Every structure is written in structure tokens, then in C-alpha cells.
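Below is structure-v1.txt, which holds compact mmCIF, C-alpha atoms.
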```txt
# COMPACT_ATOMS: atom_id res chain seq x y z
CA MET A 13 -32.00 -22.81 -13.73
CA ASN A 14 -28.53 -24.28 -14.26
CA ASN A 15 -26.50 -26.17 -11.65
CA ASN A 16 -24.31 -23.21 -10.73
CA GLN A 17 -27.33 -21.03 -9.97
CA ALA A 18 -28.96 -23.77 -7.94
CA ASN A 19 -25.75 -24.39 -6.04
CA TRP A 20 -25.42 -20.73 -5.16
CA ILE A 21 -28.95 -20.45 -3.84
CA VAL A 22 -28.54 -23.60 -1.75
CA ALA A 23 -25.26 -22.27 -0.36
CA SER A 24 -26.89 -19.01 0.67
CA LEU A 25 -29.63 -20.87 2.52
CA ILE A 26 -27.32 -23.15 4.47
CA PHE A 27 -26.68 -21.32 7.72
CA SER A 28 -26.14 -23.88 10.44
CA VAL A 29 -25.73 -22.99 14.12
CA ILE A 30 -22.42 -24.82 14.40
CA SER A 31 -20.76 -22.86 11.64
CA MET A 32 -22.09 -19.49 12.70
CA ILE A 33 -20.28 -17.08 14.99
CA SER A 34 -22.81 -15.22 17.09
CA ALA A 35 -22.92 -11.46 17.15
CA VAL A 36 -20.41 -10.40 19.78
CA SER A 37 -19.61 -6.70 19.56
CA ALA A 38 -16.63 -5.11 21.29
CA ASN A 39 -18.82 -2.06 21.80
CA ASP A 40 -21.37 -4.10 23.73
CA VAL A 41 -19.02 -5.78 26.22
CA ASP A 42 -15.88 -5.11 28.19
CA LEU A 43 -13.44 -7.33 26.30
CA SER A 44 -11.09 -7.54 29.26
CA LYS A 45 -13.87 -9.24 31.26
CA LEU A 46 -15.42 -11.27 28.45
CA ASP A 47 -15.82 -14.97 29.23
CA VAL A 48 -14.05 -16.33 26.18
CA LYS A 49 -14.94 -19.93 27.04
CA SER A 50 -18.41 -19.19 25.72
CA LEU A 51 -16.92 -18.27 22.35
CA VAL A 52 -15.41 -21.72 21.85
CA THR A 53 -18.86 -23.19 21.21
CA LYS A 54 -19.35 -20.61 18.44
CA MET A 55 -16.30 -21.72 16.46
CA THR A 56 -16.79 -24.23 13.67
CA PRO A 57 -15.78 -27.70 14.87
CA LEU A 58 -13.45 -29.75 12.70
CA LYS A 59 -15.73 -32.61 11.73
CA GLY A 60 -15.89 -34.66 8.56
CA THR A 61 -15.60 -32.46 5.48
CA THR A 62 -17.34 -29.44 6.99
CA PRO A 63 -15.32 -26.37 5.91
CA ALA A 64 -13.79 -24.62 8.94
CA GLN A 65 -10.95 -22.23 9.81
CA TRP A 66 -11.53 -20.10 6.71
CA ARG A 67 -9.14 -17.34 5.70
CA VAL A 68 -8.37 -15.15 2.70
CA VAL A 69 -4.65 -14.64 2.05
CA TRP A 70 -2.94 -11.86 0.09
CA THR A 71 0.69 -12.02 -1.01
CA ASP A 72 0.84 -10.54 -4.53
CA ASP A 73 -1.63 -8.30 -6.41
CA ALA A 74 -4.40 -7.73 -3.86
CA SER A 75 -6.56 -5.92 -6.38
CA ARG A 76 -6.84 -8.93 -8.70
CA GLU A 77 -5.77 -12.08 -6.81
CA ALA A 78 -6.58 -13.89 -3.56
CA THR A 79 -6.10 -17.30 -2.01
CA ILE A 80 -9.17 -18.62 -0.18
CA SER A 81 -8.30 -21.38 2.27
CA TRP A 82 -9.95 -23.62 4.82
CA THR A 83 -9.52 -26.82 6.84
CA THR A 84 -11.40 -30.12 7.05
CA ALA A 85 -11.04 -33.06 9.42
CA GLU A 86 -11.26 -35.61 6.59
CA PRO A 87 -9.36 -35.42 3.30
CA GLY A 88 -12.37 -35.45 0.99
CA GLU A 89 -12.13 -35.63 -2.78
CA LYS A 90 -13.43 -32.35 -4.20
CA HIS A 91 -12.94 -28.90 -2.70
CA VAL A 92 -14.27 -25.82 -4.45
CA VAL A 93 -15.04 -22.14 -3.84
CA TYR A 94 -18.17 -20.59 -5.37
CA TYR A 95 -17.89 -16.84 -5.69
CA ARG A 96 -19.62 -13.90 -7.34
CA THR A 97 -19.65 -10.12 -7.26
CA GLU A 98 -22.11 -8.23 -5.09
CA SER A 99 -24.04 -6.80 -8.04
CA GLY A 100 -25.09 -10.15 -9.48
CA GLY A 101 -27.69 -11.09 -6.89
CA ARG A 102 -29.25 -14.54 -6.58
CA LYS A 103 -31.04 -14.22 -9.91
CA GLY A 104 -28.08 -12.74 -11.75
CA LYS A 105 -25.19 -14.48 -13.47
CA PRO A 106 -24.23 -17.96 -12.23
CA ALA A 107 -21.63 -18.12 -9.49
CA LEU A 108 -18.06 -18.50 -10.61
CA SER A 109 -16.14 -21.39 -9.12
CA GLN A 110 -12.55 -22.38 -8.46
CA GLU A 111 -11.50 -25.86 -7.47
CA CYS A 112 -8.65 -25.94 -4.98
CA GLN A 113 -5.26 -26.31 -6.62
CA SER A 114 -3.57 -27.35 -3.37
CA ASN A 115 -4.87 -29.91 -0.86
CA GLY A 116 -2.97 -31.88 1.70
CA LEU A 117 -2.41 -33.18 5.20
CA TYR A 118 -0.99 -30.70 7.68
CA THR A 119 2.40 -31.81 8.98
CA ILE A 120 1.55 -33.38 12.33
CA THR A 121 4.11 -34.78 14.76
CA GLN A 122 2.58 -37.22 17.19
CA PRO A 123 3.57 -37.05 20.89
CA LYS A 124 6.46 -39.24 21.94
CA PRO A 125 5.68 -42.18 24.25
CA PRO A 126 6.31 -41.57 27.98
CA LYS A 127 9.63 -42.53 29.48
CA PRO A 128 9.45 -45.72 31.57
CA LYS A 129 9.94 -45.44 35.31
CA GLU A 130 12.53 -47.58 37.04
CA GLY A 131 11.67 -51.24 36.57
CA GLU A 132 8.98 -50.44 34.01
CA THR A 133 8.89 -51.60 30.39
CA PRO A 134 8.05 -49.19 27.54
CA GLU A 135 4.76 -51.03 27.04
CA GLN A 136 3.86 -50.60 30.72
CA ALA A 137 4.74 -46.90 30.58
CA LYS A 138 2.57 -46.46 27.51
CA LYS A 139 -0.32 -48.25 29.19
CA ARG A 140 0.07 -46.16 32.35
CA ASN A 141 0.17 -42.86 30.47
CA PRO A 142 -0.99 -43.37 26.90
CA PRO A 143 0.02 -40.42 24.66
CA LYS A 144 -2.91 -38.51 23.23
CA LYS A 145 -2.88 -38.96 19.49
CA ILE A 146 -3.40 -35.77 17.48
CA ALA A 147 -6.18 -36.12 14.94
CA PRO A 148 -5.24 -35.38 11.33
CA ALA A 149 -6.50 -32.31 9.50
CA TYR A 150 -6.34 -31.19 5.88
CA TYR A 151 -5.71 -27.85 4.21
CA HIS A 152 -7.34 -26.60 1.01
CA HIS A 153 -6.20 -23.58 -1.03
CA ALA A 154 -8.09 -22.06 -3.96
CA ARG A 155 -5.95 -19.48 -5.77
CA ILE A 156 -8.25 -17.11 -7.62
CA LYS A 157 -7.04 -14.68 -10.28
CA GLU A 158 -8.61 -12.18 -12.68
CA LEU A 159 -10.65 -10.54 -9.94
CA LYS A 160 -11.93 -6.99 -10.32
CA PRO A 161 -10.32 -4.24 -8.21
CA ASN A 162 -12.27 -2.57 -5.40
CA THR A 163 -15.03 -5.16 -5.63
CA ARG A 164 -16.95 -7.16 -3.07
CA TYR A 165 -16.81 -10.90 -3.64
CA ASN A 166 -19.24 -13.19 -1.86
CA PHE A 167 -18.03 -16.76 -1.51
CA VAL A 168 -19.09 -20.16 -0.20
CA LEU A 169 -16.74 -23.05 0.58
CA GLU A 170 -17.60 -26.62 -0.36
CA SER A 171 -15.88 -29.90 0.48
CA ASP A 172 -17.54 -33.05 -0.83
CA GLY A 173 -20.97 -31.42 -0.76
CA GLU A 174 -20.59 -29.92 2.73
CA ARG A 175 -20.95 -26.13 2.49
CA SER A 176 -20.06 -23.15 4.63
CA ARG A 177 -22.23 -20.14 5.15
CA GLU A 178 -21.74 -17.18 2.84
CA PHE A 179 -18.72 -14.93 3.42
CA TYR A 180 -17.30 -11.98 1.54
CA PHE A 181 -14.17 -9.87 1.16
CA ARG A 182 -13.24 -6.80 -0.85
CA THR A 183 -10.34 -6.56 -3.28
CA ALA A 184 -7.86 -3.68 -3.09
CA PRO A 185 -8.39 -0.70 -5.37
CA ALA A 186 -6.54 -0.49 -8.69
CA GLY A 187 -5.09 2.83 -7.57
CA GLY A 188 -5.45 5.46 -4.91
CA THR A 189 -4.75 5.47 -1.21
CA GLU A 190 -8.08 5.89 0.56
CA PHE A 191 -8.12 2.76 2.72
CA THR A 192 -6.99 1.39 6.10
CA LEU A 193 -4.88 -1.56 7.27
CA ILE A 194 -4.91 -3.26 10.67
CA HIS A 195 -1.51 -4.49 11.87
CA GLY A 196 -0.59 -6.62 14.87
CA GLY A 197 1.69 -9.45 15.92
CA ASP A 198 2.48 -11.96 18.64
CA SER A 199 -0.68 -13.95 19.27
CA ARG A 200 1.27 -17.05 20.29
CA SER A 201 0.15 -17.18 23.95
CA GLY A 202 -2.48 -15.65 26.17
CA HIS A 203 -5.26 -17.43 24.30
CA ALA A 204 -8.09 -15.65 26.10
CA ASN A 205 -6.61 -12.26 25.24
CA ARG A 206 -6.00 -13.51 21.70
CA CYS A 207 -9.74 -14.10 21.35
CA ARG A 208 -10.46 -10.67 22.77
CA MET A 209 -8.06 -9.00 20.36
CA ASN A 210 -9.59 -10.90 17.44
CA LEU A 211 -12.91 -9.38 18.42
CA ARG A 212 -11.22 -5.97 18.60
CA ILE A 213 -9.96 -6.44 15.02
CA ALA A 214 -13.49 -7.28 13.88
CA GLU A 215 -14.83 -4.25 15.72
CA GLN A 216 -12.31 -1.93 14.08
CA ALA A 217 -13.39 -3.20 10.68
CA LYS A 218 -17.06 -2.91 11.58
CA ALA A 219 -16.63 0.67 12.77
CA ASP A 220 -14.63 1.77 9.71
CA SER A 221 -15.67 0.57 6.26
CA LYS A 222 -12.28 1.66 4.88
CA VAL A 223 -10.49 -1.18 6.71
CA LEU A 224 -9.24 -3.40 3.89
CA ALA A 225 -7.02 -6.11 5.38
CA PHE A 226 -5.13 -7.40 8.42
CA THR A 227 -1.34 -7.74 8.37
CA HIS A 228 0.09 -10.15 10.96
CA GLY A 229 3.65 -9.54 12.15
CA GLY A 230 4.38 -13.16 13.08
CA ASP A 231 4.51 -15.47 16.11
CA TYR A 232 1.02 -16.87 15.63
CA ILE A 233 1.72 -19.75 18.00
CA ALA A 234 4.42 -20.80 20.49
CA THR A 235 5.86 -23.83 18.69
CA GLY A 236 5.58 -23.77 14.91
CA ALA A 237 5.80 -27.54 14.45
CA ARG A 238 2.80 -28.28 16.67
CA TRP A 239 -0.46 -28.63 14.77
CA ASP A 240 -2.53 -28.60 17.98
CA GLN A 241 -1.41 -24.99 18.54
CA TRP A 242 -2.06 -23.96 14.93
CA ARG A 243 -5.46 -25.64 15.08
CA LEU A 244 -6.44 -23.50 18.06
CA TRP A 245 -5.12 -20.31 16.40
CA LEU A 246 -7.01 -21.01 13.18
CA SER A 247 -10.28 -21.69 14.96
CA GLN A 248 -9.93 -18.56 17.08
CA HIS A 249 -9.08 -16.56 13.95
CA GLU A 250 -12.71 -17.11 12.92
CA LEU A 251 -13.56 -14.43 15.50
CA THR A 252 -12.12 -11.76 13.19
CA THR A 253 -15.00 -12.49 10.80
CA LEU A 254 -17.66 -9.78 10.98
CA GLU A 255 -21.26 -10.54 11.88
CA ASP A 256 -22.34 -10.07 8.24
CA GLY A 257 -19.75 -12.58 6.98
CA ARG A 258 -17.00 -10.17 6.01
CA VAL A 259 -13.52 -11.73 6.10
CA LEU A 260 -10.46 -9.48 6.33
CA PRO A 261 -7.70 -10.80 4.06
CA ILE A 262 -4.55 -11.59 6.02
CA ILE A 263 -1.06 -10.63 4.81
CA PRO A 264 1.23 -13.01 6.74
CA THR A 265 4.72 -12.54 8.15
CA LYS A 266 6.82 -15.35 9.60
CA GLY A 267 7.89 -15.05 13.25
CA ASN A 268 10.69 -16.78 15.12
CA HIS A 269 8.17 -19.10 16.79
CA ASP A 270 6.66 -20.13 13.45
CA GLY A 271 9.31 -22.65 12.43
CA GLY A 272 8.47 -25.78 10.49
CA LYS A 273 6.25 -26.46 7.51
CA ILE A 274 2.83 -25.71 8.99
CA TYR A 275 3.18 -21.91 8.54
CA PHE A 276 3.49 -22.46 4.79
CA GLU A 277 0.66 -25.00 4.78
CA VAL A 278 -1.67 -22.64 6.66
CA PHE A 279 -1.16 -19.72 4.28
CA GLY A 280 -0.67 -21.66 1.05
CA LEU A 281 2.88 -20.36 0.51
CA GLU A 282 5.75 -22.03 -1.32
CA GLU A 283 8.42 -22.64 1.31
CA LYS A 284 11.33 -21.92 -1.04
CA THR A 285 9.95 -18.90 -2.90
CA LYS A 286 7.52 -17.10 -0.55
CA ARG A 287 9.58 -16.40 2.56
CA TRP A 288 9.59 -12.77 1.43
CA HIS A 289 7.18 -11.11 -0.97
CA THR A 290 5.51 -7.85 -1.98
CA THR A 291 1.77 -7.30 -1.71
CA MET A 292 0.55 -4.56 -4.05
CA LEU A 293 -2.48 -2.79 -2.59
CA GLY A 294 -3.20 -1.17 -5.92
CA LYS A 295 -0.54 0.64 -7.91
CA ASP A 296 0.08 3.31 -5.24
CA VAL A 297 0.76 1.29 -2.08
CA ALA A 298 3.29 -1.52 -1.69
CA LEU A 299 3.77 -3.69 1.42
CA VAL A 300 7.12 -5.51 1.37
CA THR A 301 7.20 -8.53 3.72
CA LEU A 302 10.60 -9.77 4.90
CA ASP A 303 11.77 -12.79 6.89
CA THR A 304 13.97 -12.10 9.91
CA ASN A 305 14.33 -15.86 10.44
CA SER A 306 16.34 -16.18 7.22
CA PRO A 307 19.76 -14.56 6.74
CA GLY A 308 19.52 -10.84 6.01
CA GLY A 309 22.33 -10.92 3.48
CA GLY A 310 22.65 -12.97 0.32
CA PRO A 311 19.45 -13.76 -1.60
CA GLN A 312 17.13 -11.80 0.72
CA ALA A 313 19.25 -8.62 0.58
CA GLU A 314 19.62 -8.91 -3.18
CA TRP A 315 15.87 -9.36 -3.60
CA LEU A 316 15.12 -6.50 -1.19
CA GLU A 317 17.30 -3.98 -2.99
CA ALA A 318 15.94 -4.93 -6.40
CA GLU A 319 12.38 -4.74 -5.08
CA LEU A 320 12.77 -1.37 -3.37
CA LYS A 321 14.48 0.03 -6.47
CA ARG A 322 11.58 -1.19 -8.60
CA LEU A 323 8.99 0.33 -6.29
CA ARG A 324 10.58 3.74 -5.70
CA PRO A 325 9.46 6.28 -6.74
CA ALA A 326 6.62 4.48 -8.57
CA VAL A 327 4.45 3.99 -5.45
CA ARG A 328 3.09 6.72 -3.22
CA TRP A 329 3.50 4.69 -0.03
CA LEU A 330 6.25 2.11 0.54
CA ILE A 331 5.89 0.01 3.70
CA VAL A 332 7.96 -2.87 5.08
CA GLN A 333 6.90 -5.49 7.62
CA TYR A 334 8.88 -8.23 9.36
CA HIS A 335 9.07 -9.80 12.81
CA ARG A 336 12.26 -8.93 14.74
CA PRO A 337 12.65 -5.16 15.28
CA MET A 338 15.52 -3.05 13.98
CA TYR A 339 15.03 -0.45 16.73
CA PRO A 340 13.54 -2.43 19.64
CA ALA A 341 11.97 -1.16 22.82
CA VAL A 342 12.81 -4.29 24.85
CA LYS A 343 15.40 -6.58 23.24
CA GLY A 344 18.54 -6.01 21.20
CA PRO A 345 18.24 -5.17 17.50
CA ALA A 346 17.82 -7.86 14.88
CA THR A 347 21.03 -9.00 13.21
CA HIS A 348 19.42 -7.86 9.96
CA ALA A 349 19.56 -4.18 10.96
CA PRO A 350 22.98 -3.38 9.40
CA ILE A 351 21.72 -4.83 6.09
CA PHE A 352 18.07 -3.80 6.00
CA CYS A 353 18.21 -0.29 7.47
CA PRO A 354 20.63 1.23 4.91
CA LEU A 355 18.38 -0.11 2.14
CA PHE A 356 15.30 1.32 3.85
CA ASP A 357 17.09 4.69 4.00
CA LYS A 358 18.39 4.53 0.43
CA TYR A 359 14.95 3.93 -1.05
CA ASN A 360 12.98 6.11 1.36
CA VAL A 361 10.69 3.56 2.99
CA ASP A 362 7.82 5.41 4.69
CA ILE A 363 7.17 3.21 7.74
CA ALA A 364 8.43 -0.10 9.18
CA LEU A 365 6.01 -2.47 10.96
CA GLU A 366 7.65 -4.67 13.61
CA ALA A 367 6.67 -7.23 16.25
CA ASP A 368 8.47 -9.65 18.64
CA GLY A 369 9.03 -7.32 21.62
CA HIS A 370 5.59 -7.75 23.24
CA CYS A 371 5.10 -4.04 23.81
CA MET A 372 4.17 -0.78 22.08
CA LYS A 373 6.62 1.63 20.54
CA ARG A 374 6.90 4.39 17.98
CA THR A 375 10.37 5.70 17.24
CA VAL A 376 11.39 9.14 16.12
CA PRO A 377 12.08 9.32 12.37
CA ILE A 378 15.51 7.69 11.80
CA ARG A 379 18.02 7.96 8.97
CA ASP A 380 21.62 6.71 9.05
CA GLY A 381 21.16 5.69 12.69
CA LYS A 382 20.23 9.19 13.84
CA LYS A 383 17.10 11.22 14.39
CA ASP A 384 16.23 12.92 11.12
CA SER A 385 12.97 14.49 10.02
CA THR A 386 13.36 12.78 6.62
CA GLY A 387 13.85 9.37 8.22
CA ILE A 388 11.74 6.29 8.79
CA VAL A 389 9.39 5.72 11.73
CA TYR A 390 9.55 2.20 13.20
CA VAL A 391 6.39 1.02 14.99
CA GLY A 392 5.42 -2.19 16.82
CA GLU A 393 5.99 -4.53 18.71
CA GLY A 394 3.16 -7.05 19.06
CA GLY A 395 0.14 -7.20 21.37
CA LEU A 396 -2.37 -9.70 19.95
CA GLY A 397 -2.61 -11.73 23.16
CA VAL A 398 0.91 -12.41 24.34
CA GLY A 399 1.91 -11.11 27.77
CA GLN A 400 3.35 -7.61 27.58
CA ARG A 401 6.89 -6.70 28.64
CA GLU A 402 8.32 -3.62 30.28
CA THR A 403 9.97 -1.30 27.76
CA ASN A 404 13.22 0.63 28.00
CA PRO A 405 12.11 4.23 27.35
CA ASP A 406 15.66 5.58 27.79
CA ARG A 407 16.74 4.45 24.33
CA TRP A 408 17.45 7.56 22.26
CA TYR A 409 14.98 6.75 19.49
CA LEU A 410 12.10 6.49 21.99
CA LYS A 411 12.81 9.89 23.57
CA ASP A 412 12.24 13.44 22.31
CA GLY A 413 9.22 12.56 20.19
CA GLY A 414 9.21 8.75 20.38
CA LYS A 415 7.01 6.71 22.68
CA ALA A 416 6.91 3.29 24.40
CA GLY A 417 4.47 1.39 26.58
CA SER A 418 2.88 -1.99 27.29
CA ALA A 419 -0.70 -3.08 26.55
CA HIS A 420 -2.57 -5.38 24.22
CA HIS A 421 -3.17 -3.50 21.00
CA VAL A 422 -3.52 -3.36 17.25
CA MET A 423 -2.28 -0.61 14.99
CA GLN A 424 -4.68 1.06 12.58
CA ILE A 425 -3.00 2.67 9.59
CA ASP A 426 -5.14 5.10 7.59
CA PHE A 427 -3.80 5.98 4.14
CA SER A 428 -4.45 9.15 2.18
CA ALA A 429 -2.60 10.85 -0.65
CA ASP A 430 -0.92 13.29 1.73
CA ASN A 431 -0.26 11.38 4.95
CA LEU A 432 -0.41 8.19 6.98
CA ARG A 433 -2.27 8.25 10.27
CA VAL A 434 -0.99 5.56 12.66
CA ARG A 435 -3.00 4.77 15.79
CA PHE A 436 -2.37 2.22 18.52
CA ILE A 437 -5.81 0.90 19.49
CA LEU A 438 -6.08 -0.79 22.88
CA MET A 439 -8.39 -3.64 23.85
CA ASP A 440 -11.05 -1.21 25.09
CA GLY A 441 -11.02 0.72 21.81
CA SER A 442 -9.16 3.76 23.10
CA ALA A 443 -6.09 5.16 21.32
CA TRP A 444 -2.73 5.04 23.12
CA ASP A 445 -0.98 6.98 20.37
CA ASP A 446 -2.14 8.90 17.30
CA HIS A 447 0.63 9.93 14.93
CA THR A 448 0.73 11.34 11.39
CA ILE A 449 3.49 10.78 8.82
CA ASN A 450 3.51 13.15 5.87
CA ALA A 451 4.08 11.92 2.33
CA ARG A 452 7.55 12.39 0.83
CA ASN A 453 8.21 14.73 -2.09
CA LEU A 454 10.00 12.30 -4.40
```
Write the structure described by the file as C-alpha cells, please.
Amino acid sequence: MNNNQANWIVASLIFSVISMISAVSANDVDLSKLDVKSLVTKMTPLKGTTPAQWRVVWTDDASREATISWTTAEPGEKHVVYYRTESGGRKGKPALSQECQSNGLYTITQPKPPKPKEGETPEQAKKRNPPKKIAPAYYHHARIKELKPNTRYNFVLESDGERSREFYFRTAPAGGTEFTLIHGGDSRSGHANRCRMNLRIAEQAKADSKVLAFTHGGDYIATGARWDQWRLWLSQHELTTLEDGRVLPIIPTKGNHDGGKIYFEVFGLEEKTKRWHTTMLGKDVALVTLDTNSPGGGPQAEWLEAELKRLRPAVRWLIVQYHRPMYPAVKGPATHAPIFCPLFDKYNVDIALEADGHCMKRTVPIRDGKKDSTGIVYVGEGGLGVGQRETNPDRWYLKDGGKAGSAHHVMQIDFSADNLRVRFILMDGSAWDDHTINARNL
């Protein structure tokens, strides 16, 4: 037996209590009443070089590439992913491996010292109320290429000999449209409800084997420069992992609360070149991710038009996602609307996924700023934990076929060759809205 085979067997046997999330099923409990404090003990603690806060990230060709990432409390020296296809088995071919190409210290800003009271020196103020120092943490990103489409990959994380349990994810198909995406945004506050909605995401994937990935519409945390908030989000994100170790790849979007460098460090993105990107879910489905925190015109508009022109009519389904809504149910429209919407119309985008408003909405189909059966349906607006707002249902695009409401939710988008089925799934698993969009004849 060679070292790779031995390593894989050892990794499969290591299944410690600390790194294991217990089986909590949304079907077994009322999530609205779940005591989420008990879940904290099930999340992997950041300690030494124990791999924690795992995630799989998609930004390019999801059928052949993936970034597998995790966090450790100490920097370590060697960080590697062992992976293999489902068909190999323990006695099959040796596990493949990929050493992390990117490792580093998360950008952490330490708390400022307290202000002295009258007659007090800075040293006395610091002694009276010593600031709590934030412990360092380290990111690790293994970018894996040359994967096989529509294939299950089991993987184990290792940092300086410390190993995770076995996880797995499935790559996107090379072609075709028979799969499902989960979309949601705004998990920045309401941490208990964030945990509950993470369990809802896992339950949706457990109940439907066609669920392929999770697209996040932004605003993961309240203050993007604060590592303590990202640390909590990343640990709670472990709850989206299924009981059998399945990890849903995440396709990230940047929200207005996600400023600073940590967003890029969490998802292994180049700050200058990956603010907007296209994720190909096989050759027939394209998800274009935009950044409503960057100017809509200039480089982003130029890239967007070139990208949409390249994709249409080559793909069957063309989807866009971003944070600030173009047709909001609560706030005013994003300043990007006069730039983005005409391009969406010109290239016949099928559906726009939005967040930011802390509510639920589905517009009528819109083209050239008017209701039009050939237009684009805009859906959103974020319910992954954040407190929900009251909508304004009198807006024309929410009437006469549109819909608006307020509740924690995710959207489940089922693809087929002929239509998209879009459902708003509430915390209890019921559907608030169930809408079908027919494919265009292009």
C-alpha cells in the first residue's frame, strides 16, 4: 500500500466528535423554536491546525473546477486536500491531492483602546477596561482543476497532519439543465435565525438530490472589516453541510455590508479581477454575478455587455445575481438600474436574483421599464436571518401578477429544458410562492 492509499484510509477513519455536526433535521424539529445555542457545541472549534469552516467555492467552470477552502487557528506549514471520485472506493486508485496555492492571515483589526475618563490616563483606562484582543486565524485555498463533470468528489482536509472528516460535493454537468439551485441573501444579523435558515438549506438539499449549489446574494455579516463577525458566519455555515458530509458549493456575491478585504480572503477571490464573474453550470446555464458596490458604468458595464453578448444565444438559461435590487419592494432602486437593466433587456436575461431589501418579492415580467410578457422577472430580496421589513405592494411591478411579503426564506430554482420553477421556501418548509418561467425561443 502506498502513502496516498494509507492517508486516504486514515482520513476516512478520523471522525472526531468536535468536528462532527450532529444530525439535526428540519423535518424533525420546528426550526422557529429550535434552541440554536445547542448547535454551537457542534461546530468545529478553531484550535491549532484543525481544519474548520470548510467551504467549496464556484466562480468559473463549475463542471471542471472548484476551490476548496478552510480555516485554522495557527498558520501551519503544509495544507493539502485529498480527493477522489466516488467509484474508486478505499481499495481503488490512490487519492488525488492538491496542496493549497493560497494561504494567509485574515485581515484582522484589533479593537481600539478605551477613551480615558476625566482625570484618567490612557494606561489607567486600558487597565480599567482592557480591550479584548481578537485571536488570529488563517485561510487556506486549494484550487482544483481538471475535474470530471457531474461527478461526486469525496475530500478530506489536512493541515500539518490534522485531518477533517470526509466530505463530498458534486460537480455541475457538462450540459443539460436538470438541476436545482438554492438562492438567498442577507444573513448579516439575526444569528439564531441564520442558523435555522442554514439548516433549512441543508434540508432542501437532503430532500431533493437535484440541488447542486447555493448562491448567496451578499451581506453575510454586518461589518465587512470585522473578522469576529466573519468567524461566526463561517462557523455557522458548517450547518449547511448534510449529515452524510455533502457540502453545497457556494457562488458568492458581494453585499454593501461586505466591505474590506475579508470577503475576498474568505472566498479565495482576487480583489481586482473577481468583483464580477460568470459561473458556468455546464454549457447550457450561465450565472453572471455583478457587484452593486462598484460603479455600474465603465469597466463593469463594458464587461457585462461583452459577457452577455458572448452568452446569448449560446446558453439555454441566462441568470444574473447581485445585491442591490433594480426593482425593489422596500427601498429605492440601485443606481445601477439605468445601466444594467437595458443590457438585461437587450440580451434577454431570463431571471434576476436580488437581495438587500430584507423581504420577499417577485415582479411581473419587465422590459423597457414596463410590464411585458417577454420581459425579465426580478426576485429577492434576502431572508437568511436578517430581520424582515414591510414591503410596499403598491409599486406597479408588484401588482397585477407580482407579489411581495416578509418572512425568512430561501428561493429554490428548478431548471429544465422548457422552464424555470421558482419557489420561495419559508423556514417551516412551506412555499410562499411557486412560479414558472418559460424558456425563450431564441
Please determine an axis-aligned box that encloses all atoms of stretch 296-315 of chain A listed in the file, with 4 Å added on each side, and express its centre and edge lengths in Å to one decimal as JSON.
```
{"center_x": 11.4, "center_y": -6.4, "center_z": 2.6, "size_x": 30.6, "size_y": 27.5, "size_z": 23.7}
```
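Excluding A:Val52 and any residue on its chain fewer than 3 positions from it, the residues at most 9 Å away by all atoms listed in the file are Val48, Lys49, Met55, Thr56, Ser247 and Gln248 of chain A.
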Polymer residues at most 7 Å from A:Pro264, all atoms listed in the file, same-chain spacing of 5 or more positions, as a list of chain:residue names: A:Thr227, A:His228, A:Gly229
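Minimum atom-to-atom distance to A:Gln122, evaluated using only C-alpha atoms, belongs to A:Ala237 out of A:Leu224, A:Cys371, A:Ala237, A:Val422.
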Which of A:Ile425, A:Asn205, A:Leu316, A:Asp430 sits closest to A:Lys45 [using all atoms listed in the file]: A:Asn205
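Going from atom CA of A:Arg328 to atom CA of A:Asp72 covers 17.5 Å.
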Pick from A:Ala74, A:Ala217, A:Leu46, A:Ile262 nearest to A:Thr290, counting only C-alpha atoms: A:Ala74
